[in-house]
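Below is one structure, written out as structure tokens; the observations come after it.
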Amino acid sequence: MVSVKKEGVLLSKTALGFENEGVLNPAVIKDDEFIHLFYRAVSKGNYSSIGYCRLKGPLTIEERKITPVITPSEEYETQGVEDPRIVKIDDLFYLTYTAYDGVNAMGALATSKDLVSFEKMGVIVPQVTFEQFKHLAECKSEVNEKYIRYNQPWGTDDKDGKKLFIWDKNVIFFPRRINNRLHFIHRIRPDIQIADVQQLDELTEDFWRQYIMNLENNIMLAPMYEHEVSYIGGGCPPIETEDGWLMIYHGVHDSLTGYVYNACAALFEIDNPRKEIARLPYPLFSPDESWEKIGYVNNVCFPTGAILNDDRLYIYYGAADENIACASVSLNELLAELKVNARYI
């Protein structure tokens, strides 16, 4: 078993109007000597924006802004901008988030050159109804029944005058081009899917039609073990190591008291990240502390960002959908344990 240290709660909600219900699920990136943390801030009525704080070292807060740095401004995100992740590719920061309009939750992108001003690029995942998705996905083979169970709307194809689309969340870019192509993961439950393009303007309706028709070939990771049996989803941006791309993701299983969200780990080939090398057969860490077990949503460890400090990997996560906490682990120990559990697919 990998030894994980729970570092405790790093950030909690305040009385400020934009974050008085909770702070959670941060995007984290180190640039120069500072660690920048962009977090989901929730106000009453479940409206989300993106707050900001700056760290000096993995656990020391140096500055925290009293107003959000990214707010809903487009029709596709009227209810909130949620669950950001961030990477830097070449000289551009890619901040992905879930755009929620009160009905649909879809992966969107904003870019920045300075981490101060962000340009919203819009929704980048497929905008398809369940029936369209099912028709395309079943063109070549029968789709996993969990795709039906988790994504089929009940009784209507629209809500509040808006067409219902498949929810596609957890969009996360790899932190560099691979074979000169941009790679990113996303999640239509229950699996994690992967896509790659040379340029973002290739993400057209036709691209996504062909992609869904070949869905089986675009599944990067599927549930395997008991702790992730319900569904899985992306967590932190992939971390490049000498042994492969390390991915910290979340795995979910059902219990008598509801879903339990665990932090999990897997390893993928450097030049072909669709190829799984290994994964832990148990959670990296699970909700066992009070701040993880009791909150706005109970029993949640939802990892979304990680920073490597020497050999120590600091993993930042949403705890019970109310606080931001951190856990740390030896990178070498984690990689060694993954290699013990190597599985070539």
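Identifiers in the structure tokens: chain A, B, ... in order shown; residue index from 1 per chain; ligand index from 1 in order shown.
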- Message: Give me, as a ChimeraX atom specification, the residues of stretch 49-147 of chain A that a backbone DSSP run labels strand (DSSP E).
- Response: /A:49-55,61-64,80-89,92-100,105-112,119-123
Please produce a file of the residues just selected, as a compact mmCIF listing (two decimals), in the first residue's frame, where the atoms kept are N, CA and C atoms.
# COMPACT_ATOMS: atom_id res chain seq x y z
N SER A 49 -18.65 30.35 -9.45
CA SER A 49 -17.66 31.15 -10.15
C SER A 49 -16.29 30.62 -9.79
N ILE A 50 -15.23 31.25 -10.29
CA ILE A 50 -13.88 30.79 -10.02
C ILE A 50 -13.17 31.82 -9.15
N GLY A 51 -12.76 31.38 -7.95
CA GLY A 51 -11.97 32.21 -7.07
C GLY A 51 -10.48 31.94 -7.26
N TYR A 52 -9.66 32.73 -6.58
CA TYR A 52 -8.22 32.61 -6.76
C TYR A 52 -7.48 32.81 -5.45
N CYS A 53 -6.45 32.00 -5.24
CA CYS A 53 -5.48 32.29 -4.20
C CYS A 53 -4.09 31.87 -4.68
N ARG A 54 -3.09 32.49 -4.09
CA ARG A 54 -1.70 32.22 -4.46
C ARG A 54 -0.99 31.62 -3.26
N LEU A 55 -0.21 30.57 -3.53
CA LEU A 55 0.51 29.88 -2.46
C LEU A 55 2.01 30.13 -2.59
N ILE A 61 -0.75 29.83 2.19
CA ILE A 61 -1.52 30.80 1.42
C ILE A 61 -0.90 32.18 1.60
N GLU A 62 -0.55 32.81 0.48
CA GLU A 62 0.06 34.14 0.53
C GLU A 62 -0.94 35.24 0.18
N GLU A 63 -1.85 34.93 -0.73
CA GLU A 63 -2.85 35.92 -1.16
C GLU A 63 -4.13 35.19 -1.53
N ARG A 64 -5.26 35.79 -1.18
CA ARG A 64 -6.56 35.25 -1.59
C ARG A 64 -7.45 36.41 -2.00
N GLY A 80 -23.32 28.67 -13.79
CA GLY A 80 -22.03 28.58 -13.15
C GLY A 80 -20.89 28.10 -14.01
N VAL A 81 -19.67 28.47 -13.60
CA VAL A 81 -18.43 27.92 -14.13
C VAL A 81 -17.85 27.07 -13.00
N GLU A 82 -17.63 25.78 -13.28
CA GLU A 82 -17.37 24.82 -12.22
C GLU A 82 -16.10 24.01 -12.48
N ASP A 83 -15.49 23.54 -11.41
CA ASP A 83 -14.46 22.48 -11.42
C ASP A 83 -13.34 22.72 -12.42
N PRO A 84 -12.59 23.81 -12.29
CA PRO A 84 -11.53 24.10 -13.26
C PRO A 84 -10.33 23.17 -13.13
N ARG A 85 -9.62 22.99 -14.25
CA ARG A 85 -8.29 22.39 -14.30
C ARG A 85 -7.43 23.28 -15.19
N ILE A 86 -6.11 23.23 -14.98
CA ILE A 86 -5.26 24.12 -15.75
C ILE A 86 -3.93 23.47 -16.08
N VAL A 87 -3.45 23.74 -17.32
CA VAL A 87 -2.11 23.34 -17.75
C VAL A 87 -1.53 24.49 -18.58
N LYS A 88 -0.22 24.42 -18.82
CA LYS A 88 0.43 25.36 -19.72
C LYS A 88 1.05 24.58 -20.86
N ILE A 89 0.63 24.91 -22.08
CA ILE A 89 1.16 24.27 -23.28
C ILE A 89 1.83 25.36 -24.11
N LEU A 92 0.92 29.22 -23.54
CA LEU A 92 -0.48 29.52 -23.30
C LEU A 92 -1.04 28.64 -22.19
N PHE A 93 -1.78 29.25 -21.27
CA PHE A 93 -2.45 28.50 -20.22
C PHE A 93 -3.83 28.07 -20.72
N TYR A 94 -4.13 26.80 -20.52
CA TYR A 94 -5.43 26.24 -20.89
C TYR A 94 -6.18 25.93 -19.59
N LEU A 95 -7.23 26.69 -19.33
CA LEU A 95 -8.07 26.45 -18.17
C LEU A 95 -9.40 25.88 -18.65
N THR A 96 -9.64 24.63 -18.31
CA THR A 96 -10.90 23.98 -18.69
C THR A 96 -11.82 23.96 -17.48
N TYR A 97 -13.12 23.95 -17.75
CA TYR A 97 -14.09 23.97 -16.66
C TYR A 97 -15.41 23.40 -17.17
N THR A 98 -16.30 23.12 -16.25
CA THR A 98 -17.65 22.68 -16.61
C THR A 98 -18.56 23.89 -16.67
N ALA A 99 -19.16 24.11 -17.82
CA ALA A 99 -20.13 25.19 -18.01
C ALA A 99 -21.52 24.63 -17.73
N TYR A 100 -22.23 25.26 -16.80
CA TYR A 100 -23.55 24.76 -16.39
C TYR A 100 -24.58 25.85 -16.60
N ALA A 105 -24.52 20.36 -18.47
CA ALA A 105 -23.17 20.52 -17.93
C ALA A 105 -22.18 20.03 -18.97
N MET A 106 -21.35 20.94 -19.50
CA MET A 106 -20.49 20.60 -20.63
C MET A 106 -19.11 21.24 -20.47
N GLY A 107 -18.10 20.53 -20.95
CA GLY A 107 -16.73 21.00 -20.84
C GLY A 107 -16.46 22.21 -21.72
N ALA A 108 -15.86 23.23 -21.13
CA ALA A 108 -15.55 24.47 -21.85
C ALA A 108 -14.10 24.85 -21.58
N LEU A 109 -13.60 25.80 -22.36
CA LEU A 109 -12.19 26.18 -22.30
C LEU A 109 -12.05 27.69 -22.25
N ALA A 110 -11.10 28.15 -21.43
CA ALA A 110 -10.65 29.54 -21.44
C ALA A 110 -9.13 29.52 -21.50
N THR A 111 -8.53 30.48 -22.19
CA THR A 111 -7.08 30.53 -22.31
C THR A 111 -6.55 31.86 -21.77
N SER A 112 -5.28 31.84 -21.40
CA SER A 112 -4.65 33.03 -20.84
C SER A 112 -3.17 33.00 -21.12
N GLU A 119 -9.55 34.42 -21.93
CA GLU A 119 -10.45 34.50 -23.09
C GLU A 119 -11.25 33.20 -23.18
N LYS A 120 -12.57 33.31 -23.12
CA LYS A 120 -13.41 32.12 -23.18
C LYS A 120 -13.52 31.64 -24.63
N MET A 121 -13.23 30.35 -24.82
CA MET A 121 -13.23 29.75 -26.14
C MET A 121 -14.52 28.97 -26.41
N GLY A 122 -15.37 28.81 -25.40
CA GLY A 122 -16.64 28.13 -25.60
C GLY A 122 -16.60 26.67 -25.22
N VAL A 123 -17.73 26.01 -25.44
CA VAL A 123 -17.86 24.59 -25.19
C VAL A 123 -17.06 23.83 -26.24
- Item | DSSP helix (DSSP H, G or I) residues within stretch 35-255 of chain A, listed as a ChimeraX atom specification | /A:75-77,130-137,145-151,200-202,205-213,215-218,226-228
- Query: Could you name the residues that touch A:Val9 at 10 Å or less, counting only C-alpha atoms, but leaving out those on the same chain fewer than 3 positions away, as a PyMOL selection string?
  - Reply: chain A and resi 6+12+59+291-292+316-319+323-327
Store the residues of this selection in a file with N, CA and C atoms, as a CSV table (one decimal), in the first residue's frame.
chain,number,residue,atom,x,y,z
A,6,LYS,N,-2.5,12.9,4.8
A,6,LYS,CA,-3.5,13.9,4.7
A,6,LYS,C,-3.0,15.2,5.3
A,12,SER,N,-11.3,27.1,3.1
A,12,SER,CA,-12.7,27.0,3.5
A,12,SER,C,-13.6,28.1,3.0
A,59,LEU,N,1.7,24.6,0.8
A,59,LEU,CA,0.6,24.6,1.8
A,59,LEU,C,0.4,26.0,2.5
A,291,TRP,N,-13.7,16.1,7.5
A,291,TRP,CA,-13.9,17.1,6.5
A,291,TRP,C,-14.2,16.5,5.1
A,292,GLU,N,-14.0,15.2,5.0
A,292,GLU,CA,-14.2,14.5,3.8
A,292,GLU,C,-15.6,13.7,3.9
A,316,TYR,N,-4.3,18.3,-4.6
A,316,TYR,CA,-5.3,19.2,-4.0
A,316,TYR,C,-6.7,18.6,-4.5
A,317,TYR,N,-7.7,18.7,-3.5
A,317,TYR,CA,-8.9,18.0,-3.8
A,317,TYR,C,-10.1,18.7,-3.1
A,318,GLY,N,-11.3,18.5,-3.7
A,318,GLY,CA,-12.5,19.0,-3.1
A,318,GLY,C,-12.9,17.9,-2.0
A,319,ALA,N,-13.1,18.4,-0.8
A,319,ALA,CA,-13.5,17.5,0.3
A,319,ALA,C,-14.9,17.8,0.7
A,323,ASN,N,-15.0,22.1,1.2
A,323,ASN,CA,-13.6,22.6,1.5
A,323,ASN,C,-12.6,22.1,0.4
A,324,ILE,N,-11.5,22.8,0.4
A,324,ILE,CA,-10.3,22.3,-0.4
A,324,ILE,C,-9.3,21.8,0.6
A,325,ALA,N,-8.9,20.5,0.4
A,325,ALA,CA,-7.9,19.9,1.2
A,325,ALA,C,-6.7,19.4,0.3
A,326,CYS,N,-5.7,19.0,1.0
A,326,CYS,CA,-4.5,18.5,0.3
A,326,CYS,C,-4.0,17.2,0.9
A,327,ALA,N,-3.5,16.3,0.1
A,327,ALA,CA,-2.8,15.1,0.5
A,327,ALA,C,-1.5,15.0,-0.2
- Message: Using Å and a single decimal, report how far atom CA of A:Lys162 sits from atom CA of A:Glu77.
- Response: 12.8 Å
- Neighbour list for A:Leu221 as a ChimeraX atom specification, cut-off 7 Å, only C-alpha atoms, skip fewer than 6 positions in-chain: /A:191-193
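Look at A:Asn262: the protein and nucleic acid residues within 6 Å of it, using only C-alpha atoms and passing over chain neighbours fewer than 2 places away, are A:His250, A:Gly251, A:Ser286, A:Cys301.
Going from atom CA of A:Asn170 to atom CA of A:Asn214 covers 20.2 Å.
Among the candidate residues A:Trp208, A:Phe130, A:Tyr231, A:Tyr39, the one lying nearest to A:Lys163 is A:Phe130, with distances computed using only C-alpha atoms.
Taking only C-alpha atoms into account, A:Asp157 lies nearest to A:Thr129 out of the set A:Thr257, A:Thr129, A:Thr241, A:Asn144.
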- Please provide as a PyMOL selection string all residues within 8 Å of A:Ser230, with the sequence filter that same-chain residues fewer than 5 positions apart are discarded (counting only C-alpha atoms). chain A and resi 190+223+251-254
Could you save the residues just selected, with N, CA and C atoms, as a short mmCIF file (atom, residue, chain, number, x, y, z; two decimals), in the first residue's frame?
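Saved the output as result29.cif:
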data_model
loop_
_atom_site.label_atom_id
_atom_site.label_comp_id
_atom_site.auth_asym_id
_atom_site.auth_seq_id
_atom_site.Cartn_x
_atom_site.Cartn_y
_atom_site.Cartn_z
N PRO A 190 -20.00 6.06 -18.03
CA PRO A 190 -19.20 5.81 -16.83
C PRO A 190 -17.69 5.84 -17.03
N PRO A 223 -14.13 1.63 -15.54
CA PRO A 223 -14.14 1.06 -14.18
C PRO A 223 -13.72 -0.40 -14.20
N GLY A 251 -12.66 7.75 -8.65
CA GLY A 251 -13.46 6.55 -8.85
C GLY A 251 -14.61 6.55 -7.86
N VAL A 252 -15.77 6.10 -8.31
CA VAL A 252 -16.99 6.22 -7.50
C VAL A 252 -17.64 4.85 -7.34
N HIS A 253 -18.03 4.56 -6.11
CA HIS A 253 -18.84 3.36 -5.88
C HIS A 253 -20.03 3.73 -5.01
N ASP A 254 -21.08 2.95 -5.15
CA ASP A 254 -22.31 3.18 -4.40
C ASP A 254 -22.22 2.50 -3.04
#
- Item | Nearest to A:Phe302 by atom-to-atom distance, counting only C-alpha atoms, from A:Pro26, A:Pro237, A:Pro72, A:Pro58 | A:Pro26
- Item | Selection: 7 Å around stretch 41-43 of chain A, only C-alpha atoms, excl. self and same-chain fewer than 4 positions, as JSON, numbers by chain | {"A": [17, 18, 19, 20, 21, 22, 23, 24, 47, 48, 49, 50, 51]}
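The space separating atom CA of A:Ile232 from atom CA of A:Val69 comes to 29.1 Å.
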- Task: Can you work out which one of A:Ile124, A:Leu284, A:Met220, A:Ile194 has the shortest atom-to-atom distance to A:Pro303, counting only C-alpha atoms?
- Result: A:Leu284
